[in-house]
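Engineer: File coords19.pdb follows (PDB, C-alpha atoms and all ligand atoms):
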```pdb
ATOM      1  CA  THR N  45     -33.230  23.430  23.647
ATOM      2  CA  ARG N  46     -31.437  20.099  23.059
ATOM      3  CA  ILE N  47     -29.509  21.773  20.217
ATOM      4  CA  ALA N  48     -25.716  22.042  20.177
ATOM      5  CA  VAL N  49     -23.910  24.503  17.930
ATOM      6  CA  MET N  50     -20.509  23.550  16.545
ATOM      7  CA  LYS N  51     -18.655  26.619  15.315
ATOM      8  CA  PHE N  52     -15.649  25.956  13.136
ATOM      9  CA  LYS N  53     -12.635  27.920  14.289
ATOM     10  CA  ASN N  54      -9.379  27.192  12.542
ATOM     11  CA  PRO N  55      -8.009  30.543  11.327
ATOM     12  CA  PRO N  56      -7.632  31.927   8.828
ATOM     13  CA  VAL N  57     -10.030  29.909   6.609
ATOM     14  CA  ASN N  58     -11.225  26.919   8.679
ATOM     15  CA  SER N  59      -9.282  24.477   6.568
ATOM     16  CA  LEU N  60      -9.603  20.816   7.478
ATOM     17  CA  SER N  61      -6.207  20.154   9.005
ATOM     18  CA  LEU N  62      -5.507  16.758  10.542
ATOM     19  CA  GLU N  63      -5.878  18.285  13.990
ATOM     20  CA  PHE N  64      -9.173  19.931  13.077
ATOM     21  CA  LEU N  65     -10.548  16.660  11.707
ATOM     22  CA  THR N  66      -9.501  14.696  14.768
ATOM     23  CA  GLU N  67     -10.950  17.176  17.248
ATOM     24  CA  PHE N  68     -14.110  17.523  15.224
ATOM     25  CA  VAL N  69     -14.825  13.785  15.327
ATOM     26  CA  ILE N  70     -14.168  13.656  19.093
ATOM     27  CA  SER N  71     -16.516  16.596  19.706
ATOM     28  CA  LEU N  72     -19.242  15.071  17.575
ATOM     29  CA  GLU N  73     -18.943  11.770  19.410
ATOM     30  CA  LYS N  74     -19.282  13.556  22.745
ATOM     31  CA  LEU N  75     -22.442  15.256  21.560
ATOM     32  CA  GLU N  76     -23.861  11.976  20.294
ATOM     33  CA  ASN N  77     -23.295  10.396  23.687
ATOM     34  CA  ASP N  78     -24.880  13.324  25.498
ATOM     35  CA  LYS N  79     -28.465  12.326  26.198
ATOM     36  CA  SER N  80     -29.566  15.956  26.360
ATOM     37  CA  ILE N  81     -28.617  16.625  22.716
ATOM     38  CA  ARG N  82     -30.798  15.740  19.722
ATOM     39  CA  GLY N  83     -29.428  18.007  17.015
ATOM     40  CA  VAL N  84     -26.346  19.933  15.968
ATOM     41  CA  ILE N  85     -26.005  23.105  13.947
ATOM     42  CA  LEU N  86     -22.748  23.301  11.981
ATOM     43  CA  THR N  87     -21.557  26.811  11.292
ATOM     44  CA  SER N  88     -18.476  28.997  11.205
ATOM     45  CA  GLU N  89     -17.194  31.143  14.000
ATOM     46  CA  ARG N  90     -16.122  33.559  11.344
ATOM     47  CA  PRO N  91     -18.873  34.789   9.024
ATOM     48  CA  GLY N  92     -17.549  35.018   5.476
ATOM     49  CA  ILE N  93     -15.842  31.646   5.401
ATOM     50  CA  PHE N  94     -17.693  28.447   6.293
ATOM     51  CA  SER N  95     -14.652  26.315   5.451
ATOM     52  CA  ALA N  96     -12.133  26.472   2.632
ATOM     53  CA  GLY N  97     -11.934  22.684   2.641
ATOM     54  CA  LEU N  98      -9.049  20.252   2.788
ATOM     55  CA  ASP N  99      -5.745  21.567   4.065
ATOM     56  CA  LEU N 100      -3.300  21.551   1.155
ATOM     57  CA  MET N 101      -0.408  21.655   3.612
ATOM     58  CA  GLU N 102      -1.391  18.138   4.691
ATOM     59  CA  MET N 103      -1.208  17.036   1.054
ATOM     60  CA  TYR N 104       2.001  18.651  -0.082
ATOM     61  CA  GLY N 105       5.629  17.724   0.564
ATOM     62  CA  ARG N 106       4.833  15.007   3.134
ATOM     63  CA  ASN N 107       5.448  11.277   3.083
ATOM     64  CA  PRO N 108       2.979   8.588   1.994
ATOM     65  CA  ALA N 109       2.293   7.548   5.601
ATOM     66  CA  HIS N 110       1.158  11.084   6.344
ATOM     67  CA  TYR N 111      -1.101  11.206   3.269
ATOM     68  CA  ALA N 112      -2.641   7.896   4.327
ATOM     69  CA  GLU N 113      -3.252   9.116   7.872
ATOM     70  CA  TYR N 114      -4.738  12.346   6.589
ATOM     71  CA  TRP N 115      -7.066  10.659   4.118
ATOM     72  CA  LYS N 116      -8.264   8.211   6.746
ATOM     73  CA  ALA N 117      -9.204  11.190   8.928
ATOM     74  CA  VAL N 118     -11.080  12.806   6.017
ATOM     75  CA  GLN N 119     -13.014   9.576   5.451
ATOM     76  CA  GLU N 120     -13.734   9.319   9.167
ATOM     77  CA  LEU N 121     -15.138  12.845   9.327
ATOM     78  CA  TRP N 122     -17.424  12.159   6.405
ATOM     79  CA  LEU N 123     -18.603   8.772   7.719
ATOM     80  CA  ARG N 124     -19.284  10.088  11.223
ATOM     81  CA  LEU N 125     -21.207  13.086   9.963
ATOM     82  CA  TYR N 126     -23.075  11.226   7.240
ATOM     83  CA  LEU N 127     -24.242   8.493   9.639
ATOM     84  CA  SER N 128     -24.751  10.608  12.738
ATOM     85  CA  ASN N 129     -27.830   9.711  14.756
ATOM     86  CA  LEU N 130     -28.321  13.414  15.532
ATOM     87  CA  THR N 131     -30.198  15.815  13.296
ATOM     88  CA  LEU N 132     -27.528  17.893  11.555
ATOM     89  CA  ILE N 133     -28.291  21.266  10.042
ATOM     90  CA  SER N 134     -25.682  23.448   8.417
ATOM     91  CA  ALA N 135     -25.934  27.197   8.754
ATOM     92  CA  ILE N 136     -23.672  28.153   5.860
ATOM     93  CA  ASN N 137     -22.528  31.646   6.720
ATOM     94  CA  GLY N 138     -19.664  31.962   4.258
ATOM     95  CA  ALA N 139     -17.794  30.452   1.337
ATOM     96  CA  SER N 140     -18.051  26.687   1.255
ATOM     97  CA  PRO N 141     -15.904  25.146  -1.501
ATOM     98  CA  ALA N 142     -14.655  21.540  -1.653
ATOM     99  CA  GLY N 143     -14.290  20.150   1.902
ATOM    100  CA  GLY N 144     -16.585  22.911   3.179
ATOM    101  CA  CYS N 145     -19.218  21.595   0.806
ATOM    102  CA  LEU N 146     -18.423  18.058   1.996
ATOM    103  CA  MET N 147     -19.406  18.941   5.561
ATOM    104  CA  ALA N 148     -22.570  20.698   4.410
ATOM    105  CA  LEU N 149     -23.507  17.726   2.190
ATOM    106  CA  THR N 150     -23.546  15.350   5.166
ATOM    107  CA  CYS N 151     -26.245  17.364   6.908
ATOM    108  CA  ASP N 152     -29.960  16.651   6.960
ATOM    109  CA  TYR N 153     -30.758  20.244   5.986
ATOM    110  CA  ARG N 154     -28.742  23.148   4.587
ATOM    111  CA  ILE N 155     -29.445  26.838   5.078
ATOM    112  CA  MET N 156     -27.281  29.366   3.287
ATOM    113  CA  ALA N 157     -26.813  33.079   3.839
ATOM    114  CA  ASP N 158     -28.074  35.183   0.965
ATOM    115  CA  ASN N 159     -24.786  36.799   0.046
ATOM    116  CA  PRO N 160     -23.721  36.453  -3.602
ATOM    117  CA  LYS N 161     -20.072  36.552  -2.515
ATOM    118  CA  TYR N 162     -20.510  33.167  -0.859
ATOM    119  CA  THR N 163     -20.349  30.123  -3.080
ATOM    120  CA  ILE N 164     -20.669  26.399  -2.488
ATOM    121  CA  GLY N 165     -19.657  23.377  -4.547
ATOM    122  CA  LEU N 166     -17.062  20.720  -5.251
ATOM    123  CA  ASN N 167     -14.377  22.521  -7.244
ATOM    124  CA  GLU N 168     -11.524  20.031  -6.848
ATOM    125  CA  SER N 169     -11.302  19.387 -10.618
ATOM    126  CA  LEU N 170      -9.926  22.923 -11.103
ATOM    127  CA  LEU N 171      -6.775  21.904  -9.289
ATOM    128  CA  GLY N 172      -6.395  18.651 -11.190
ATOM    129  CA  ILE N 173      -7.793  16.700  -8.256
ATOM    130  CA  VAL N 174     -10.749  14.320  -8.446
ATOM    131  CA  ALA N 175     -13.406  14.187  -5.734
ATOM    132  CA  PRO N 176     -13.493  10.742  -4.083
ATOM    133  CA  PHE N 177     -16.267   8.359  -5.201
ATOM    134  CA  TRP N 178     -18.089   8.483  -1.879
ATOM    135  CA  LEU N 179     -18.314  12.267  -1.963
ATOM    136  CA  LYS N 180     -19.507  12.009  -5.560
ATOM    137  CA  ASP N 181     -22.199   9.582  -4.353
ATOM    138  CA  ASN N 182     -23.226  12.033  -1.627
ATOM    139  CA  TYR N 183     -23.415  14.768  -4.282
ATOM    140  CA  VAL N 184     -25.510  12.627  -6.622
ATOM    141  CA  ASN N 185     -27.827  11.709  -3.739
ATOM    142  CA  THR N 186     -28.306  15.413  -3.066
ATOM    143  CA  ILE N 187     -28.608  17.129  -6.442
ATOM    144  CA  GLY N 188     -29.149  14.218  -8.840
ATOM    145  CA  HIS N 189     -26.946  12.531 -11.395
ATOM    146  CA  ARG N 190     -27.026  15.004 -14.260
ATOM    147  CA  ALA N 191     -26.446  18.107 -12.147
ATOM    148  CA  ALA N 192     -23.660  16.368 -10.205
ATOM    149  CA  GLU N 193     -21.998  15.122 -13.386
ATOM    150  CA  ARG N 194     -21.835  18.608 -14.835
ATOM    151  CA  ALA N 195     -20.900  20.407 -11.612
ATOM    152  CA  LEU N 196     -18.138  17.920 -10.764
ATOM    153  CA  GLN N 197     -16.494  18.111 -14.173
ATOM    154  CA  LEU N 198     -16.655  21.895 -14.316
ATOM    155  CA  GLY N 199     -15.795  22.350 -10.640
ATOM    156  CA  THR N 200     -18.813  24.623 -10.330
ATOM    157  CA  LEU N 201     -19.151  26.894  -7.322
ATOM    158  CA  PHE N 202     -22.784  27.966  -6.943
ATOM    159  CA  PRO N 203     -23.852  31.329  -5.516
ATOM    160  CA  PRO N 204     -26.751  30.957  -3.046
ATOM    161  CA  ALA N 205     -29.605  31.466  -5.524
ATOM    162  CA  GLU N 206     -28.185  28.857  -7.901
ATOM    163  CA  ALA N 207     -27.343  26.455  -5.090
ATOM    164  CA  LEU N 208     -30.994  26.664  -4.082
ATOM    165  CA  LYS N 209     -32.200  26.104  -7.612
ATOM    166  CA  VAL N 210     -30.095  22.960  -8.077
ATOM    167  CA  GLY N 211     -31.059  21.655  -4.613
ATOM    168  CA  LEU N 212     -27.591  21.889  -3.112
ATOM    169  CA  VAL N 213     -29.052  23.964  -0.279
ATOM    170  CA  ASP N 214     -32.609  23.773   1.012
ATOM    171  CA  GLU N 215     -33.117  27.383   1.900
ATOM    172  CA  VAL N 216     -31.472  30.773   1.398
ATOM    173  CA  VAL N 217     -32.156  33.440   4.011
ATOM    174  CA  PRO N 218     -30.840  36.921   4.837
ATOM    175  CA  GLU N 219     -27.420  36.672   6.412
ATOM    176  CA  ASP N 220     -28.534  37.801   9.878
ATOM    177  CA  GLN N 221     -31.230  35.125   9.974
ATOM    178  CA  VAL N 222     -29.155  32.031   9.232
ATOM    179  CA  HIS N 223     -28.892  30.964  12.855
ATOM    180  CA  SER N 224     -32.453  31.716  13.916
ATOM    181  CA  LYS N 225     -33.666  29.876  10.846
ATOM    182  CA  ALA N 226     -31.506  26.851  11.676
ATOM    183  CA  ARG N 227     -33.087  26.756  15.127
ATOM    184  CA  SER N 228     -36.630  26.981  13.837
ATOM    185  CA  VAL N 229     -35.993  24.258  11.247
ATOM    186  CA  MET N 230     -34.468  22.094  13.982
ATOM    187  CA  ALA N 231     -37.590  22.543  16.092
ATOM    188  CA  LYS N 232     -39.597  21.120  13.219
ATOM    189  CA  TRP N 233     -37.300  18.096  12.871
ATOM    190  CA  PHE N 234     -37.596  17.546  16.636
ATOM    191  CA  THR N 235     -41.316  16.935  16.273
ATOM    192  CA  ILE N 236     -40.417  13.584  14.675
ATOM    193  CA  PRO N 237     -39.570  10.723  17.081
ATOM    194  CA  ASP N 238     -35.770  10.148  17.062
ATOM    195  CA  HIS N 239     -36.192   6.438  16.599
ATOM    196  CA  SER N 240     -38.190   6.511  13.371
ATOM    197  CA  ARG N 241     -36.224   9.436  11.977
ATOM    198  CA  GLN N 242     -32.905   7.669  12.638
ATOM    199  CA  LEU N 243     -34.035   4.417  11.052
ATOM    200  CA  THR N 244     -35.266   6.313   8.019
ATOM    201  CA  LYS N 245     -32.026   8.254   7.709
ATOM    202  CA  SER N 246     -30.038   5.059   7.978
ATOM    203  CA  MET N 247     -32.230   3.384   5.371
ATOM    204  CA  MET N 248     -31.538   6.249   2.962
ATOM    205  CA  ARG N 249     -27.805   6.506   3.613
ATOM    206  CA  LYS N 250     -26.480   3.091   4.593
ATOM    207  CA  ALA N 251     -25.691   1.793   1.109
ATOM    208  CA  THR N 252     -23.692   4.923   0.247
ATOM    209  CA  ALA N 253     -21.705   4.743   3.485
ATOM    210  CA  ASP N 254     -21.173   0.976   3.204
ATOM    211  CA  ASN N 255     -19.724   1.494  -0.239
ATOM    212  CA  LEU N 256     -16.877   3.439   1.340
ATOM    213  CA  ILE N 257     -16.578   1.236   4.426
ATOM    214  CA  LYS N 258     -15.913  -1.846   2.310
ATOM    215  CA  GLN N 259     -13.287  -0.060   0.195
ATOM    216  CA  ARG N 260     -11.668   2.182   2.768
ATOM    217  CA  GLU N 261      -8.165   0.820   2.410
ATOM    218  CA  ALA N 262      -8.255   0.873  -1.393
ATOM    219  CA  ASP N 263      -9.518   4.454  -1.302
ATOM    220  CA  ILE N 264      -6.643   5.446   1.000
ATOM    221  CA  GLN N 265      -4.179   3.684  -1.304
ATOM    222  CA  ASN N 266      -5.571   5.471  -4.339
ATOM    223  CA  PHE N 267      -5.460   8.859  -2.688
ATOM    224  CA  THR N 268      -1.928   8.319  -1.410
ATOM    225  CA  SER N 269      -0.520   7.246  -4.753
ATOM    226  CA  PHE N 270      -2.435   9.962  -6.616
ATOM    227  CA  ILE N 271      -1.344  12.805  -4.361
ATOM    228  CA  SER N 272       2.277  11.538  -4.334
ATOM    229  CA  ARG N 273       2.573  11.868  -8.115
ATOM    230  CA  ASP N 274       5.182  14.379  -9.234
ATOM    231  CA  SER N 275       2.696  16.116 -11.505
ATOM    232  CA  ILE N 276       0.171  16.583  -8.669
ATOM    233  CA  GLN N 277       2.813  17.731  -6.198
ATOM    234  CA  LYS N 278       4.025  20.195  -8.813
ATOM    235  CA  SER N 279       0.589  21.651  -9.399
ATOM    236  CA  LEU N 280       0.043  21.924  -5.630
ATOM    237  CA  HIS N 281       3.363  23.750  -5.428
ATOM    238  CA  VAL N 282       2.339  26.228  -8.121
ATOM    239  CA  TYR N 283      -1.027  26.724  -6.446
ATOM    240  CA  LEU N 284       0.501  27.311  -2.999
ATOM    241  CA  GLU N 285       3.000  29.806  -4.427
ATOM    242  CA  LYS N 286       0.127  31.706  -5.999
ATOM    243  CA  LEU N 287      -1.699  31.787  -2.659
ATOM    244  CA  LYS N 288       1.456  33.093  -0.954
ATOM    245  CA  GLN N 289       1.801  35.878  -3.516
ATOM    246  CA  LYS N 290      -1.838  36.865  -3.050
ATOM    247  CA  LYS N 291      -1.262  37.131   0.697
ATOM    248  CA  GLY N 292       2.116  38.852   0.518
TER     249      GLY N 292
HETATM  250  C1  LIG P 301     -27.034   8.434  19.537
HETATM  251  O1  LIG P 301     -26.224   7.318  19.813
HETATM  252  C2  LIG P 301     -25.582   7.358  21.076
HETATM  253  C3  LIG P 301     -24.597   6.216  21.163
HETATM  254  O2  LIG P 301     -25.143   5.025  20.737
HETATM  255  C4  LIG P 301     -26.648   7.299  22.159
HETATM  256  O3  LIG P 301     -26.060   7.324  23.446
HETATM  257  C5  LIG P 301     -27.561   8.515  21.996
HETATM  258  O4  LIG P 301     -28.611   8.474  22.930
HETATM  259  C6  LIG P 301     -28.131   8.576  20.583
HETATM  260  N1  LIG P 301     -28.798   9.875  20.405
HETATM  261  C7  LIG P 301     -30.055   9.981  20.024
HETATM  262  C8  LIG P 301     -30.585  11.373  19.847
HETATM  263  O5  LIG P 301     -30.750   9.029  19.782
HETATM  264  C1  LIG P 302     -12.174  26.335  -4.786
HETATM  265  O1  LIG P 302     -12.817  27.546  -4.544
HETATM  266  C2  LIG P 302     -12.299  28.303  -3.468
HETATM  267  C3  LIG P 302     -13.212  29.483  -3.274
HETATM  268  O2  LIG P 302     -13.300  30.248  -4.437
HETATM  269  C4  LIG P 302     -10.897  28.714  -3.755
HETATM  270  O3  LIG P 302     -10.349  29.415  -2.652
HETATM  271  C5  LIG P 302     -10.089  27.473  -3.990
HETATM  272  O4  LIG P 302      -8.809  27.851  -4.385
HETATM  273  C6  LIG P 302     -10.736  26.629  -5.088
HETATM  274  N1  LIG P 302     -10.037  25.378  -5.173
HETATM  275  C7  LIG P 302      -9.511  24.988  -6.314
HETATM  276  C8  LIG P 302      -8.911  23.650  -6.237
HETATM  277  O5  LIG P 302      -9.535  25.654  -7.321
HETATM  278  C1  LIG P 303      -8.504   2.758  -7.202
HETATM  279  O1  LIG P 303      -7.919   3.080  -8.442
HETATM  280  C2  LIG P 303      -8.085   2.098  -9.424
HETATM  281  C3  LIG P 303      -7.283   2.507 -10.622
HETATM  282  O2  LIG P 303      -7.577   3.794 -11.024
HETATM  283  C4  LIG P 303      -9.561   1.922  -9.712
HETATM  284  O3  LIG P 303      -9.762   0.933 -10.691
HETATM  285  C5  LIG P 303     -10.273   1.525  -8.442
HETATM  286  O4  LIG P 303     -11.642   1.451  -8.652
HETATM  287  C6  LIG P 303      -9.990   2.532  -7.352
HETATM  288  N1  LIG P 303     -10.540   2.063  -6.095
HETATM  289  C7  LIG P 303     -11.204   2.858  -5.284
HETATM  290  C8  LIG P 303     -11.711   2.256  -4.043
HETATM  291  O5  LIG P 303     -11.399   4.048  -5.537
END
```
If you convert what's in this file into structure tokens, what do you get?
Ligand SMILES: *[C@@H]1O[C@H](CO)[C@@H](O)[C@H](O)[C@H]1NC(C)=O
Ligand SMILES: *[C@@H]1O[C@H](CO)[C@@H](O)[C@H](O)[C@H]1NC(C)=O
Ligand SMILES: *[C@@H]1O[C@H](CO)[C@@H](O)[C@H](O)[C@H]1NC(C)=O

Structural biologist:
Amino acid sequence: TRIAVMKFKNPPVNSLSLEFLTEFVISLEKLENDKSIRGVILTSERPGIFSAGLDLMEMYGRNPAHYAEYWKAVQELWLRLYLSNLTLISAINGASPAGGCLMALTCDYRIMADNPKYTIGLNESLLGIVAPFWLKDNYVNTIGHRAAERALQLGTLFPPAEALKVGLVDEVVPEDQVHSKARSVMAKWFTIPDHSRQLTKSMMRKATADNLIKQREADIQNFTSFISRDSIQKSLHVYLEKLKQKKG
């Protein structure tokens, strides 16, 4: 079928650990170099949670060199996905906050399961964290300036119907049809010659990606010094303790 399916599997919530990010990029590169593959469906092995996003354990209680390495890997994931020459479709079969939304935003098409328990959005502001400028740009490119401005400040998580309305996802389908739908949409994208589709995609996305590429080091520096702040480390601590209590 020339379609590959990448199923996220990093229990319990598919968080984007450094290891996950590194393996993800390697797998994507392999698929891009595989002449038999033209498109990839991104989805979760575990229905209910697409991805909970960045791994707070990589951002708490570590040294600046670790934060820098981690952020570089986050940038790399985004750049590789955003500029991939394959057709990427996300089959969002669970909650998709923050970094989960990041992965979905890089795709050419987003399909979400019609389950009001699942939400999608960039909610970093709730934790006192600011989404990076390149992710903001990706958000603006997807849902427009006004909607992005409001959703980013409020840290809005959209249930499927609202995500559809704002244009954050392209289609909402019954939960058991997310994968079949992704395949039928892919078939439609495959009717377009790769060459012209890739050049068009690049034309639409290059400026946004270049904006990060030319400021990568400064962005890493900013993240590292921001996340190292006592006040941020303290709020991460409080947040992680709360998570522990919920679990225990
Ligand atoms: C994507 O790029 C890789 C590496 O340049 C190439 O080998 C592959 O054929 C390309 N895939 C498609 C679908 O054009
Ligand atoms: C974002 O939303 C998810 C899903 O509701 C939640 O688990 C996570 O704690 C939220 N993140 C922040 C920073 O509030
Ligand atoms: C880094 O932070 C400084 C100070 O807040 C800001 O002026 C600059 O634009 C930031 N650079 C990047 C690449 O985000």

Engineer: Could you report the residues within 10 Å of ligand LIG 301 (chain P), using all atoms listed in the file, as a ChimeraX atom specification?

Structural biologist: /N:46,73-83,128-131,234,237-239,241-242

Engineer: Would you translate the PyMOL selection byres (((not hetatm)) within 9 of (chain P and resi 302)) into the concrete set of residues it matches in this file, as an mmCIF file with C-alpha atoms, in the coordinates of the input?

Structural biologist:
```
data_model
loop_
_atom_site.group_PDB
_atom_site.id
_atom_site.type_symbol
_atom_site.label_atom_id
_atom_site.label_comp_id
_atom_site.auth_asym_id
_atom_site.auth_seq_id
_atom_site.Cartn_x
_atom_site.Cartn_y
_atom_site.Cartn_z
ATOM 1 C CA ALA N 96 -12.133 26.472 2.632
ATOM 2 C CA GLY N 97 -11.934 22.684 2.641
ATOM 3 C CA ALA N 139 -17.794 30.452 1.337
ATOM 4 C CA SER N 140 -18.051 26.687 1.255
ATOM 5 C CA PRO N 141 -15.904 25.146 -1.501
ATOM 6 C CA ALA N 142 -14.655 21.540 -1.653
ATOM 7 C CA TYR N 162 -20.510 33.167 -0.859
ATOM 8 C CA THR N 163 -20.349 30.123 -3.080
ATOM 9 C CA ILE N 164 -20.669 26.399 -2.488
ATOM 10 C CA GLY N 165 -19.657 23.377 -4.547
ATOM 11 C CA LEU N 166 -17.062 20.720 -5.251
ATOM 12 C CA ASN N 167 -14.377 22.521 -7.244
ATOM 13 C CA GLU N 168 -11.524 20.031 -6.848
ATOM 14 C CA SER N 169 -11.302 19.387 -10.618
ATOM 15 C CA LEU N 170 -9.926 22.923 -11.103
ATOM 16 C CA LEU N 171 -6.775 21.904 -9.289
ATOM 17 C CA GLY N 172 -6.395 18.651 -11.190
ATOM 18 C CA ILE N 173 -7.793 16.700 -8.256
ATOM 19 C CA GLY N 199 -15.795 22.350 -10.640
ATOM 20 C CA THR N 200 -18.813 24.623 -10.330
ATOM 21 C CA LEU N 201 -19.151 26.894 -7.322
ATOM 22 C CA TYR N 283 -1.027 26.724 -6.446
ATOM 23 C CA LEU N 287 -1.699 31.787 -2.659
#
```

Engineer: What residues of the protein or nucleic acid chains come within 7 Å of ligand LIG 303 (chain P) when you use only C-alpha atoms and all ligand atoms? Reply as an mmCIF file with C-alpha atoms, in the coordinates of the input.

Structural biologist:
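For reference, selection-v8.cif as written:
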```cif
data_model
loop_
_atom_site.group_PDB
_atom_site.id
_atom_site.type_symbol
_atom_site.label_atom_id
_atom_site.label_comp_id
_atom_site.auth_asym_id
_atom_site.auth_seq_id
_atom_site.Cartn_x
_atom_site.Cartn_y
_atom_site.Cartn_z
ATOM 1 C CA PHE N 177 -16.267 8.359 -5.201
ATOM 2 C CA GLN N 259 -13.287 -0.060 0.195
ATOM 3 C CA ARG N 260 -11.668 2.182 2.768
ATOM 4 C CA ALA N 262 -8.255 0.873 -1.393
ATOM 5 C CA ASP N 263 -9.518 4.454 -1.302
ATOM 6 C CA ASN N 266 -5.571 5.471 -4.339
#
```

Engineer: Residues picked by the PyMOL selection byres (((chain N and resi 183) around 9) and not hetatm) here, as number ranges by chain?

Structural biologist: N: 146, 149, 166, 178-182, 184-189, 192, 196, 212

Engineer: Return as lines of an AutoDock Vina configuration file the centre and edge lengths, in Å with one decimal, of the box along x, y and z that encloses every atom of stretch 121-138 of chain N in the file, padded by 6 Å per side.

Structural biologist:
```
center_x = -22.7
center_y = 20.2
center_z = 9.9
size_x = 27.1
size_y = 35.5
size_z = 23.3
```

Engineer: Taking the file as shown, find all residues satisfying the PyMOL selection byres (((chain N and resi 99-101) around 12) and not hetatm) and write them as a ChimeraX atom specification.

Structural biologist: /N:54-65,95-98,102-107,110-111,114-115,117-118,142-144,168,171,173,271,276-277,279-285,287

Engineer: Measuring between only C-alpha atoms, which one of N:Val217, N:Met147, N:Ala112, N:Ala191 shows the shortest distance to N:Val69?

Structural biologist: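 Using only C-alpha atoms, N:Val69 sits closest to N:Met147.
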
Engineer: With 9 Å as the threshold, what does the neighbourhood of (-33.8, 20.2, 4.3) contain in terms of residues, counting only C-alpha atoms? Coordinates are those of the file; answer as a list of chain:residue names.

Structural biologist: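 Those residues lying close to the given coordinates are N:Ile133, N:Cys151, N:Asp152, N:Tyr153, N:Arg154, N:Ile155, N:Val213, N:Asp214, N:Glu215, N:Val229.
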
Engineer: Report, in Å to a single decimal, how far apart atom CA of N:Thr87 and atom CA of N:Thr45 are.

Structural biologist: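 Atom CA of N:Thr45 sits 17.3 Å away from atom CA of N:Thr87.
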
Engineer: Quick one, how far is atom CA of N:Arg227 from atom CA of N:Ala135?

Structural biologist: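 Interatomic distance here is 9.6 Å.
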
Engineer: Report, in Å with one decimal, the straight-line distance from atom CA of N:Leu86 to atom CA of N:Lys53.

Structural biologist: 11.4 Å

Engineer: Which of these, N:Trp233, N:Gln265, N:Leu198, N:Leu208, has the shortest distance to N:Val84 once you count only C-alpha atoms?

Structural biologist: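 Using only C-alpha atoms, the shortest distance to N:Val84 belongs to N:Trp233.
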
Engineer: I'd like to know which of N:Thr66, N:Asn159, N:Ser228, N:Ser71 is closest to N:Glu120, using only C-alpha atoms.

Structural biologist: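 Smallest separation from N:Glu120 among the options: N:Thr66.
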
Engineer: Would you kindly place N, CA, C and O atoms on stretch 76-86 of chain N and return the model as a PDB file, keeping the file's coordinate frame?

Structural biologist:
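Listing of result-v8.pdb after writing:
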```pdb
ATOM      1  N   GLU N  76     -22.971  13.117  20.553  1.00  0.00           N
ATOM      2  CA  GLU N  76     -23.861  11.976  20.294  1.00  0.00           C
ATOM      3  C   GLU N  76     -24.116  11.173  21.565  1.00  0.00           C
ATOM      4  O   GLU N  76     -25.178  10.586  21.721  1.00  0.00           O
ATOM      5  N   ASN N  77     -23.132  11.164  22.450  1.00  0.00           N
ATOM      6  CA  ASN N  77     -23.295  10.396  23.687  1.00  0.00           C
ATOM      7  C   ASN N  77     -23.965  11.201  24.794  1.00  0.00           C
ATOM      8  O   ASN N  77     -24.223  10.682  25.875  1.00  0.00           O
ATOM      9  N   ASP N  78     -24.238  12.447  24.516  1.00  0.00           N
ATOM     10  CA  ASP N  78     -24.880  13.324  25.498  1.00  0.00           C
ATOM     11  C   ASP N  78     -26.396  13.223  25.326  1.00  0.00           C
ATOM     12  O   ASP N  78     -26.955  13.669  24.322  1.00  0.00           O
ATOM     13  N   LYS N  79     -27.032  12.621  26.310  1.00  0.00           N
ATOM     14  CA  LYS N  79     -28.465  12.326  26.198  1.00  0.00           C
ATOM     15  C   LYS N  79     -29.321  13.586  26.045  1.00  0.00           C
ATOM     16  O   LYS N  79     -30.473  13.526  25.619  1.00  0.00           O
ATOM     17  N   SER N  80     -28.750  14.735  26.428  1.00  0.00           N
ATOM     18  CA  SER N  80     -29.566  15.956  26.360  1.00  0.00           C
ATOM     19  C   SER N  80     -29.578  16.570  24.954  1.00  0.00           C
ATOM     20  O   SER N  80     -30.322  17.502  24.691  1.00  0.00           O
ATOM     21  N   ILE N  81     -28.743  16.027  24.060  1.00  0.00           N
ATOM     22  CA  ILE N  81     -28.617  16.625  22.716  1.00  0.00           C
ATOM     23  C   ILE N  81     -29.332  15.774  21.662  1.00  0.00           C
ATOM     24  O   ILE N  81     -29.139  14.562  21.585  1.00  0.00           O
ATOM     25  N   ARG N  82     -30.125  16.447  20.830  1.00  0.00           N
ATOM     26  CA  ARG N  82     -30.798  15.740  19.722  1.00  0.00           C
ATOM     27  C   ARG N  82     -30.371  16.253  18.356  1.00  0.00           C
ATOM     28  O   ARG N  82     -30.607  15.585  17.343  1.00  0.00           O
ATOM     29  N   GLY N  83     -29.801  17.452  18.312  1.00  0.00           N
ATOM     30  CA  GLY N  83     -29.428  18.007  17.015  1.00  0.00           C
ATOM     31  C   GLY N  83     -28.240  18.942  17.118  1.00  0.00           C
ATOM     32  O   GLY N  83     -27.977  19.504  18.183  1.00  0.00           O
ATOM     33  N   VAL N  84     -27.521  19.065  15.998  1.00  0.00           N
ATOM     34  CA  VAL N  84     -26.346  19.933  15.968  1.00  0.00           C
ATOM     35  C   VAL N  84     -26.440  20.872  14.769  1.00  0.00           C
ATOM     36  O   VAL N  84     -26.802  20.453  13.661  1.00  0.00           O
ATOM     37  N   ILE N  85     -26.120  22.130  15.029  1.00  0.00           N
ATOM     38  CA  ILE N  85     -26.005  23.105  13.947  1.00  0.00           C
ATOM     39  C   ILE N  85     -24.516  23.297  13.650  1.00  0.00           C
ATOM     40  O   ILE N  85     -23.737  23.578  14.560  1.00  0.00           O
ATOM     41  N   LEU N  86     -24.141  23.085  12.389  1.00  0.00           N
ATOM     42  CA  LEU N  86     -22.748  23.301  11.981  1.00  0.00           C
ATOM     43  C   LEU N  86     -22.654  24.685  11.356  1.00  0.00           C
ATOM     44  O   LEU N  86     -23.408  25.005  10.436  1.00  0.00           O
TER      45      LEU N  86
END
```
